[in-house]
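> Following this line is model-v7.tsv, made up of TSV, C-alpha atoms and all ligand atoms:
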chain	number	residue	atom	x	y	z
L	795	MET	CA	133.17	96.08	115.26
L	796	ALA	CA	131.27	95.21	112.08
L	797	ASP	CA	127.76	96.62	111.62
L	798	SER	CA	124.99	94.22	112.60
L	799	ASP	CA	122.63	93.04	109.88
L	800	PRO	CA	120.26	95.88	109.01
L	801	LEU	CA	116.57	95.44	109.75
L	802	VAL	CA	113.68	96.93	107.83
L	803	ARG	CA	110.49	97.79	109.71
L	804	THR	CA	107.32	99.72	109.02
L	805	ALA	CA	107.60	103.31	110.22
L	806	THR	CA	104.81	105.25	111.93
L	807	VAL	CA	104.20	108.90	112.77
L	808	GLN	CA	106.46	108.31	115.80
L	809	ASP	CA	109.35	107.91	113.34
L	810	ILE	CA	108.79	111.28	111.63
L	811	PRO	CA	111.72	112.95	113.51
L	812	ALA	CA	114.07	110.15	112.38
L	813	ILE	CA	112.88	110.45	108.76
L	814	GLN	CA	113.38	114.23	108.90
L	815	GLU	CA	116.91	113.83	110.29
L	816	LEU	CA	117.81	111.32	107.58
L	817	SER	CA	116.43	113.49	104.77
L	818	ALA	CA	118.22	116.59	106.13
L	819	CYS	CA	121.53	114.64	105.94
L	820	ILE	CA	120.92	112.85	102.65
L	821	TRP	CA	119.29	115.51	100.44
L	822	PRO	CA	122.05	118.14	100.34
L	823	ILE	CA	124.58	115.46	99.33
L	824	ALA	CA	122.31	113.63	96.88
L	825	TYR	CA	120.99	116.78	95.18
L	826	GLY	CA	123.74	119.35	95.87
L	827	ALA	CA	125.13	119.06	92.34
L	828	ILE	CA	121.72	118.90	90.64
L	829	LEU	CA	119.48	121.44	92.43
L	830	SER	CA	120.05	124.83	94.03
L	831	GLN	CA	120.17	124.94	97.84
L	832	ALA	CA	117.01	127.08	97.70
L	833	GLN	CA	115.16	124.37	95.75
L	834	ILE	CA	116.40	121.65	98.13
L	835	ASP	CA	115.13	123.67	101.12
L	836	PHE	CA	111.82	124.29	99.35
L	837	MET	CA	111.32	120.60	98.52
L	838	LEU	CA	112.34	119.38	101.99
L	839	LYS	CA	109.81	121.74	103.56
L	840	LYS	CA	107.08	120.71	101.09
L	841	MET	CA	107.62	116.95	101.36
L	842	TYR	CA	109.21	116.39	104.79
L	843	SER	CA	107.55	118.85	107.17
L	844	THR	CA	105.80	117.14	110.09
L	845	GLU	CA	102.47	118.12	108.55
L	846	ALA	CA	103.37	116.76	105.09
L	847	LEU	CA	104.74	113.44	106.44
L	848	THR	CA	101.74	112.99	108.76
L	849	GLN	CA	99.43	113.53	105.79
L	850	GLN	CA	101.37	111.05	103.67
L	851	ILE	CA	101.19	108.37	106.39
L	852	GLU	CA	97.70	108.94	107.75
L	853	THR	CA	95.63	110.35	104.88
L	854	LEU	CA	97.39	109.27	101.70
L	855	GLU	CA	98.21	105.82	103.16
L	856	HIS	CA	101.85	105.82	102.09
L	857	THR	CA	103.68	102.92	103.71
L	858	PHE	CA	107.01	104.08	105.17
L	859	LEU	CA	109.85	101.63	105.80
L	860	LEU	CA	112.83	102.42	108.00
L	861	LEU	CA	116.15	100.58	107.72
L	862	GLU	CA	118.09	100.39	110.99
L	863	ALA	CA	121.50	98.94	111.80
L	864	ASP	CA	122.90	98.84	115.32
L	865	GLN	CA	119.53	100.37	116.27
L	866	LEU	CA	120.31	103.54	114.31
L	867	PRO	CA	118.20	104.69	111.35
L	868	ARG	CA	120.25	104.54	108.11
L	869	GLY	CA	117.65	104.83	105.37
L	870	PHE	CA	113.99	104.86	104.48
L	871	ALA	CA	111.53	104.23	101.68
L	872	SER	CA	107.87	104.97	101.06
L	873	PHE	CA	105.33	103.62	98.59
L	874	SER	CA	101.58	103.47	97.95
L	875	LEU	CA	98.95	102.22	95.55
L	876	HIS	CA	98.90	104.48	92.47
L	877	GLU	CA	96.35	102.94	90.13
L	878	ILE	CA	94.94	99.45	89.75
L	879	LYS	CA	97.82	96.98	90.28
L	880	THR	CA	100.46	99.71	89.95
L	881	TYR	CA	102.33	100.87	93.04
L	882	ARG	CA	104.47	103.98	93.28
L	883	LEU	CA	107.80	104.28	95.04
L	884	HIS	CA	107.80	107.82	96.47
L	885	LYS	CA	111.04	107.86	98.44
L	886	LEU	CA	114.22	105.78	98.70
L	887	TYR	CA	117.12	107.28	100.62
L	888	VAL	CA	120.18	105.84	102.35
L	889	LEU	CA	122.73	107.83	104.41
L	890	SER	CA	125.79	108.52	102.24
L	891	ASP	CA	128.20	106.69	104.58
L	892	TYR	CA	125.89	103.67	104.56
L	893	GLN	CA	125.48	103.50	100.75
L	894	GLY	CA	126.97	100.63	98.75
L	895	LYS	CA	126.30	98.04	101.49
L	896	GLY	CA	123.06	96.65	100.11
L	897	ALA	CA	120.70	98.86	102.15
L	898	GLY	CA	118.99	100.49	99.14
L	899	LYS	CA	118.41	97.08	97.55
L	900	LYS	CA	117.11	95.67	100.84
L	901	LEU	CA	114.61	98.51	101.19
L	902	LEU	CA	113.53	98.20	97.55
L	903	ASP	CA	113.22	94.39	97.81
L	904	THR	CA	110.93	94.91	100.82
L	905	VAL	CA	108.81	97.41	98.85
L	906	ILE	CA	108.59	94.96	95.92
L	907	HIS	CA	107.68	92.06	98.22
L	908	GLN	CA	104.95	94.03	100.02
L	909	ALA	CA	103.54	95.51	96.78
L	910	LYS	CA	103.37	92.03	95.21
L	911	GLU	CA	101.60	90.68	98.30
L	912	LYS	CA	98.99	93.42	97.81
L	913	GLY	CA	98.47	92.28	94.18
L	914	ALA	CA	100.72	94.74	92.30
L	915	ASN	CA	102.05	93.86	88.88
L	916	ALA	CA	104.11	97.04	88.38
L	917	LEU	CA	106.15	99.49	90.45
L	918	GLU	CA	106.68	103.04	89.17
L	919	LEU	CA	108.85	105.93	90.33
L	920	ASN	CA	110.07	109.40	89.40
L	921	VAL	CA	113.77	110.16	89.43
L	922	ASN	CA	115.63	113.35	88.52
L	923	ARG	CA	117.14	112.95	85.04
L	924	GLU	CA	120.60	113.80	86.44
L	925	ASN	CA	120.44	111.47	89.45
L	926	ASN	CA	123.03	108.63	89.62
L	927	ALA	CA	120.31	106.50	91.17
L	928	ILE	CA	119.03	105.87	87.60
L	929	ALA	CA	121.87	103.32	87.17
L	930	PHE	CA	120.88	101.67	90.47
L	931	TYR	CA	117.25	101.38	89.33
L	932	LYS	CA	118.31	100.01	85.91
L	933	LYS	CA	120.43	97.39	87.66
L	934	ILE	CA	117.35	96.29	89.66
L	935	GLY	CA	115.43	95.97	86.34
L	936	PHE	CA	113.52	99.26	86.01
L	937	SER	CA	113.31	100.92	82.59
L	938	ILE	CA	112.62	104.51	81.62
L	939	VAL	CA	109.08	104.90	80.28
L	940	ARG	CA	108.81	108.69	79.84
L	941	GLU	CA	110.07	112.15	80.81
L	942	GLU	CA	108.11	114.52	83.06
L	943	ASP	CA	108.76	118.17	83.93
L	944	ILE	CA	106.61	118.96	86.94
L	945	ALA	CA	106.04	122.47	88.30
L	946	ILE	CA	106.18	122.20	92.09
L	947	GLY	CA	105.56	125.85	93.00
L	948	SER	CA	107.62	129.02	93.49
L	949	GLY	CA	108.99	128.62	89.95
L	950	TYR	CA	110.73	125.30	90.72
L	951	PHE	CA	110.54	122.20	88.54
L	952	MET	CA	111.26	118.52	88.93
L	953	ASN	CA	112.89	117.35	85.69
L	954	ASP	CA	112.29	113.64	85.96
L	955	TYR	CA	112.21	110.29	84.24
L	956	VAL	CA	109.37	107.97	85.10
L	957	MET	CA	110.78	104.47	85.50
L	958	GLN	CA	108.80	101.25	85.73
L	959	LEU	CA	109.46	97.69	86.86
L	960	SER	CA	107.16	94.78	86.00
L	961	LEU	CA	106.62	92.61	89.07
R	1001	LIG	C1	120.22	105.08	95.20
R	1001	LIG	C2	120.44	104.49	96.58
R	1001	LIG	C3	119.09	104.34	97.29
R	1001	LIG	C4	121.06	103.10	96.42
R	1001	LIG	O1	121.24	102.53	97.71
R	1001	LIG	P1	122.61	101.81	98.13
R	1001	LIG	O2	122.42	101.27	99.49
R	1001	LIG	O3	123.75	102.74	97.92
R	1001	LIG	O4	122.71	100.66	97.03
R	1001	LIG	P2	123.02	99.09	97.27
R	1001	LIG	O5	124.28	98.99	98.07
R	1001	LIG	O6	121.81	98.41	97.79
R	1001	LIG	O7	123.31	98.64	95.78
R	1001	LIG	C5	122.64	97.57	95.12
R	1001	LIG	C6	123.33	97.33	93.80
R	1001	LIG	O8	123.20	98.51	92.98
R	1001	LIG	C7	124.49	99.01	92.63
R	1001	LIG	N1	124.44	100.48	92.70
R	1001	LIG	C8	124.13	101.25	93.77
R	1001	LIG	N2	124.17	102.55	93.43
R	1001	LIG	C9	124.54	102.59	92.13
R	1001	LIG	C10	124.76	103.64	91.21
R	1001	LIG	N3	124.60	104.92	91.56
R	1001	LIG	N4	125.14	103.31	89.95
R	1001	LIG	C11	125.28	102.01	89.58
R	1001	LIG	N5	125.07	100.97	90.40
R	1001	LIG	C12	124.70	101.26	91.66
R	1001	LIG	C13	125.42	98.46	93.68
R	1001	LIG	O9	126.73	98.37	93.19
R	1001	LIG	C14	124.83	97.10	93.95
R	1001	LIG	O10	125.23	96.19	92.96
R	1001	LIG	P3	125.53	94.63	93.31
R	1001	LIG	O11	124.20	94.08	93.74
R	1001	LIG	O12	126.03	94.08	92.03
R	1001	LIG	O13	126.53	94.66	94.42
R	1001	LIG	C15	121.40	105.34	97.44
R	1001	LIG	O14	122.62	105.47	96.77
R	1001	LIG	C16	120.88	106.71	97.80
R	1001	LIG	O15	120.22	106.87	98.83
R	1001	LIG	N6	121.22	107.75	96.98
R	1001	LIG	C17	120.92	109.12	97.30
R	1001	LIG	C18	119.44	109.39	97.33
R	1001	LIG	C19	118.74	109.16	96.01
R	1001	LIG	O16	119.14	109.70	95.01
R	1001	LIG	N7	117.66	108.35	96.07
R	1001	LIG	C20	116.84	108.07	94.91
R	1001	LIG	C21	115.76	109.09	94.78
R	1001	LIG	S1	114.75	108.78	93.35
Please render this file's structure as structure tokens.

Amino acid sequence: MADSDPLVRTATVQDIPAIQELSACIWPIAYGAILSQAQIDFMLKKMYSTEALTQQIETLEHTFLLLEADQLPRGFASFSLHEIKTYRLHKLYVLSDYQGKGAGKKLLDTVIHQAKEKGANALELNVNRENNAIAFYKKIGFSIVREEDIAIGSGYFMNDYVMQLSL
């Protein structure tokens, strides 16, 4: 049977286990060729522990979106206000066997729509300089505005591009 149309909904702290399961599946595949397993484990713990996700949702006011098809979670995104009229996309991840079906674009379109409704005129993100997702973001209309090498602790770095889309 064909998959039903995916739905995007706002996630809450109740959805933290689903977000953790998705990230545990997606990260090793997405970053396995770019980062060491030790760095992937370090970053997952830092950014996806229950404590970290609760803080992002409740204190930092990151909006989390969950994409579900056939009532199963397949991907997620998060974003928040960064500076006046500029929003930041923090996370955008789709399960590898659900990629290439429009889910990433659907999540990003929802982020763009909600950010615009809140008065944004730009959306910004960081992406690893070796990540294939750069081509996806360029296709949506983002351009590279600068490079950033960010120390994230324990001697690890994020070697990123900052990309921006005018809304
Ligand atoms: C990047 C990602 C979110 C894209 O989601 P997706 O569901 O696979 O992409 P979609 O099916 O919505 O693709 C939308 C369009 O972008 C294109 N596209 C998707 N990934 C692409 C890529 N890596 N290179 C070039 N084009 C790409 C698609 O062909 C499609 O084009 P079309 O509209 O002409 O058909 C997804 O591949 C992913 O989760 N990757 C691993 C995690 C990751 O790296 N996230 C980004 C962190 S910064």
> Can you work out which one of L:Asn925, L:Asn915, L:Ser874, L:Thr844 has the shortest atom-to-atom distance to Leu959 (chain L), counting all atoms listed in the file?
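So, comparing all the options, the nearest one is L:Asn915.
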> Between CA of Met837 (chain L) and CA of Tyr950 (chain L), measure the distance and give it in Å to one decimal.
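That distance, rounded to one decimal, is 9.1 Å.
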> Kindly give the distance, in Å, that separates CA of Glu855 (chain L) and atom C5 of ligand LIG 1001 (chain R), rounded to a single decimal.
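Computed distance, CA of Glu855 (chain L) to atom C5 of ligand LIG 1001 (chain R), equals 27.0 Å.
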> Of the candidates L:Asn926, L:Ser937, L:Ser890, L:Thr848, which one gets nearest to Trp821 (chain L) if we count all atoms listed in the file?
L:Ser890
> I'd like to know which of L:Arg882, L:Lys912, L:Lys839, L:Lys900 is closest to ligand LIG 1001 (chain R), using only C-alpha atoms and all ligand atoms.
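Closest residue, counting only C-alpha atoms and all ligand atoms: L:Lys900.
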> Taking into account all atoms listed in the file, which residue in the set L:Leu847, L:Leu816, L:Phe873, L:Phe858 is nearest to Ala909 (chain L)?
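Of all the options, L:Phe873 lies closest to Ala909 (chain L).
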> Which is closer to ligand LIG 1001 (chain R) than all the others in L:Cys819, L:Ala832, L:Ile851, L:Leu886, using all atoms listed in the file?
L:Leu886
> Output, as AutoDock Vina command-line options, the centre and edge lengths in Å (one decimal) of the axis-aligned box that contains all listed atoms of region 878-884 of chain L with 5 Å of margin on each side.

--center_x 101.4 --center_y 102.4 --center_z 93.1 --size_x 22.9 --size_y 20.8 --size_z 16.7
> Please determine, counting all atoms listed in the file, which residue among L:Ser817, L:Ser960, L:Ser843, L:Ser872 has the shortest atom-to-atom distance to Thr804 (chain L).
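Of L:Ser817, L:Ser960, L:Ser843, L:Ser872, the one nearest Thr804 (chain L) is L:Ser872, counting all atoms listed in the file.
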> Leaving out Tyr931 (chain L) and any residue of its chain fewer than 4 positions from it, which residues lie within 12 Å of it when counting all atoms listed in the file, given as a ChimeraX atom specification?
/L:883,886,898-899,902-903,917-921,925-927,935-938,955-959
> Mind writing the picked residues with C-alpha atoms as a PDB file, keeping the file's coordinate frame?

ATOM      1  CA  LEU L 883     107.800 104.280  95.040  1.00  0.00           C
ATOM      2  CA  LEU L 886     114.220 105.780  98.700  1.00  0.00           C
ATOM      3  CA  GLY L 898     118.990 100.490  99.140  1.00  0.00           C
ATOM      4  CA  LYS L 899     118.410  97.080  97.550  1.00  0.00           C
ATOM      5  CA  LEU L 902     113.530  98.200  97.550  1.00  0.00           C
ATOM      6  CA  ASP L 903     113.220  94.390  97.810  1.00  0.00           C
ATOM      7  CA  LEU L 917     106.150  99.490  90.450  1.00  0.00           C
ATOM      8  CA  GLU L 918     106.680 103.040  89.170  1.00  0.00           C
ATOM      9  CA  LEU L 919     108.850 105.930  90.330  1.00  0.00           C
ATOM     10  CA  ASN L 920     110.070 109.400  89.400  1.00  0.00           C
ATOM     11  CA  VAL L 921     113.770 110.160  89.430  1.00  0.00           C
ATOM     12  CA  ASN L 925     120.440 111.470  89.450  1.00  0.00           C
ATOM     13  CA  ASN L 926     123.030 108.630  89.620  1.00  0.00           C
ATOM     14  CA  ALA L 927     120.310 106.500  91.170  1.00  0.00           C
ATOM     15  CA  GLY L 935     115.430  95.970  86.340  1.00  0.00           C
ATOM     16  CA  PHE L 936     113.520  99.260  86.010  1.00  0.00           C
ATOM     17  CA  SER L 937     113.310 100.920  82.590  1.00  0.00           C
ATOM     18  CA  ILE L 938     112.620 104.510  81.620  1.00  0.00           C
ATOM     19  CA  TYR L 955     112.210 110.290  84.240  1.00  0.00           C
ATOM     20  CA  VAL L 956     109.370 107.970  85.100  1.00  0.00           C
ATOM     21  CA  MET L 957     110.780 104.470  85.500  1.00  0.00           C
ATOM     22  CA  GLN L 958     108.800 101.250  85.730  1.00  0.00           C
ATOM     23  CA  LEU L 959     109.460  97.690  86.860  1.00  0.00           C
TER      24      LEU L 959
END
> For a test of reading the model, state the distance in Å between CA of Pro822 (chain L) and atom C17 of ligand LIG 1001 (chain R), rounded to one decimal.
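Going from CA of Pro822 (chain L) over to atom C17 of ligand LIG 1001 (chain R) covers 9.6 Å.
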> What's the 10 Å shell around Gln833 (chain L), counting only C-alpha atoms, without same-chain residues fewer than 6 positions away, as a list in words?
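Surrounding residues, per the criterion: Tyr825, Gly826, Lys839, Ile946, Ser948, Gly949, Tyr950, Phe951 and Met952 of chain L.
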> At a cut-off of 9 Å, using all atoms listed in the file, what residues contact Glu924 (chain L)? Leave out same-chain residues fewer than 4 positions from it and give the result as a compact mmCIF listing (two decimals) with C-alpha atoms, keeping the file's coordinate frame.

# COMPACT_ATOMS: atom_id res chain seq x y z
CA ILE L 828 121.72 118.90 90.64
CA ILE L 928 119.03 105.87 87.60
CA ASN L 953 112.89 117.35 85.69
CA ASP L 954 112.29 113.64 85.96
> Give me region 799-917 of chain L from this structure - C-alpha atoms, as a CSV table (one decimal), in the first residue's frame.

chain,number,residue,atom,x,y,z
L,799,ASP,CA,0.2,11.9,2.8
L,800,PRO,CA,2.6,13.0,5.5
L,801,LEU,CA,1.4,15.5,8.1
L,802,VAL,CA,3.5,18.1,9.9
L,803,ARG,CA,2.5,19.0,13.4
L,804,THR,CA,4.1,21.0,16.3
L,805,ALA,CA,6.0,18.7,18.6
L,806,THR,CA,6.0,19.0,22.4
L,807,VAL,CA,8.1,17.5,25.2
L,808,GLN,CA,5.9,14.4,24.9
L,809,ASP,CA,7.5,13.8,21.5
L,810,ILE,CA,11.1,13.9,22.9
L,811,PRO,CA,11.4,10.0,22.7
L,812,ALA,CA,10.3,10.1,19.1
L,813,ILE,CA,12.8,12.8,18.2
L,814,GLN,CA,15.6,10.9,20.0
L,815,GLU,CA,14.7,7.7,18.1
L,816,LEU,CA,14.8,9.5,14.8
L,817,SER,CA,18.1,11.3,15.5
L,818,ALA,CA,19.7,8.0,16.6
L,819,CYS,CA,18.7,6.4,13.2
L,820,ILE,CA,19.5,9.4,11.0
L,821,TRP,CA,22.7,10.8,12.5
L,822,PRO,CA,25.1,7.8,12.0
L,823,ILE,CA,24.0,7.6,8.3
L,824,ALA,CA,24.0,11.3,7.6
L,825,TYR,CA,27.3,12.0,9.4
L,826,GLY,CA,29.1,8.6,9.3
L,827,ALA,CA,31.4,9.7,6.4
L,828,ILE,CA,32.0,13.2,7.8
L,829,LEU,CA,32.5,12.8,11.5
L,830,SER,CA,34.0,10.2,13.8
L,831,GLN,CA,31.6,7.9,15.7
L,832,ALA,CA,32.9,9.5,18.9
L,833,GLN,CA,32.0,13.0,17.7
L,834,ILE,CA,28.5,11.8,16.6
L,835,ASP,CA,27.9,10.3,20.0
L,836,PHE,CA,29.2,13.4,21.7
L,837,MET,CA,27.0,15.7,19.6
L,838,LEU,CA,23.9,13.5,20.0
L,839,LYS,CA,24.3,13.6,23.8
L,840,LYS,CA,24.9,17.3,23.8
L,841,MET,CA,22.0,18.3,21.6
L,842,TYR,CA,19.5,15.4,21.9
L,843,SER,CA,19.5,14.3,25.6
L,844,THR,CA,16.1,14.6,27.3
L,845,GLU,CA,17.5,17.5,29.3
L,846,ALA,CA,18.9,19.3,26.2
L,847,LEU,CA,15.7,18.9,24.2
L,848,THR,CA,13.5,20.0,27.1
L,849,GLN,CA,15.6,23.1,27.5
L,850,GLN,CA,15.4,23.8,23.7
L,851,ILE,CA,11.6,23.5,23.8
L,852,GLU,CA,10.7,25.1,27.1
L,853,THR,CA,13.5,27.6,27.8
L,854,LEU,CA,14.9,28.6,24.5
L,855,GLU,CA,11.5,28.5,22.8
L,856,HIS,CA,12.6,26.4,19.8
L,857,THR,CA,9.6,25.3,17.8
L,858,PHE,CA,9.8,21.6,16.9
L,859,LEU,CA,7.9,20.2,14.0
L,860,LEU,CA,7.3,16.4,13.5
L,861,LEU,CA,6.5,14.9,10.1
L,862,GLU,CA,4.4,11.7,10.4
L,863,ALA,CA,3.2,9.3,7.7
L,864,ASP,CA,0.9,6.4,8.5
L,865,GLN,CA,1.1,7.7,12.0
L,866,LEU,CA,4.8,7.0,12.2
L,867,PRO,CA,7.4,9.7,12.8
L,868,ARG,CA,9.6,10.1,9.7
L,869,GLY,CA,11.4,13.4,10.2
L,870,PHE,CA,11.6,16.6,12.3
L,871,ALA,CA,12.7,20.2,12.2
L,872,SER,CA,13.3,22.9,14.8
L,873,PHE,CA,13.6,26.7,14.5
L,874,SER,CA,13.6,29.9,16.6
L,875,LEU,CA,13.9,33.6,16.5
L,876,HIS,CA,17.6,34.5,16.2
L,877,GLU,CA,17.8,38.3,16.0
L,878,ILE,CA,15.3,40.9,14.8
L,879,LYS,CA,13.4,39.4,11.8
L,880,THR,CA,15.9,36.6,11.3
L,881,TYR,CA,15.0,33.1,12.3
L,882,ARG,CA,17.3,30.2,12.6
L,883,LEU,CA,16.7,26.6,11.4
L,884,HIS,CA,18.4,24.4,14.1
L,885,LYS,CA,17.5,21.0,12.9
L,886,LEU,CA,16.1,19.3,9.7
L,887,TYR,CA,16.3,15.5,9.6
L,888,VAL,CA,14.4,12.9,7.6
L,889,LEU,CA,14.8,9.1,8.0
L,890,SER,CA,17.1,7.8,5.2
L,891,ASP,CA,14.4,5.4,3.8
L,892,TYR,CA,11.9,8.3,3.7
L,893,GLN,CA,14.3,10.8,1.9
L,894,GLY,CA,13.6,12.0,-1.6
L,895,LYS,CA,9.8,12.0,-1.2
L,896,GLY,CA,9.4,15.6,-0.5
L,897,ALA,CA,9.4,15.3,3.3
L,898,GLY,CA,12.4,17.6,3.9
L,899,LYS,CA,10.9,20.3,1.6
L,900,LYS,CA,7.5,20.0,3.4
L,901,LEU,CA,9.1,20.5,6.8
L,902,LEU,CA,11.2,23.4,5.5
L,903,ASP,CA,8.1,25.0,3.8
L,904,THR,CA,6.3,24.8,7.1
L,905,VAL,CA,9.2,26.5,8.9
L,906,ILE,CA,9.3,29.2,6.3
L,907,HIS,CA,5.6,29.7,6.5
L,908,GLN,CA,5.5,29.9,10.3
L,909,ALA,CA,8.6,32.2,10.4
L,910,LYS,CA,7.1,34.6,7.8
L,911,GLU,CA,3.8,34.7,9.9
L,912,LYS,CA,5.9,35.8,12.9
L,913,GLY,CA,7.4,38.6,10.8
L,914,ALA,CA,10.7,37.1,9.6
L,915,ASN,CA,12.5,38.4,6.6
L,916,ALA,CA,15.4,35.9,6.6
L,917,LEU,CA,16.0,32.3,7.6
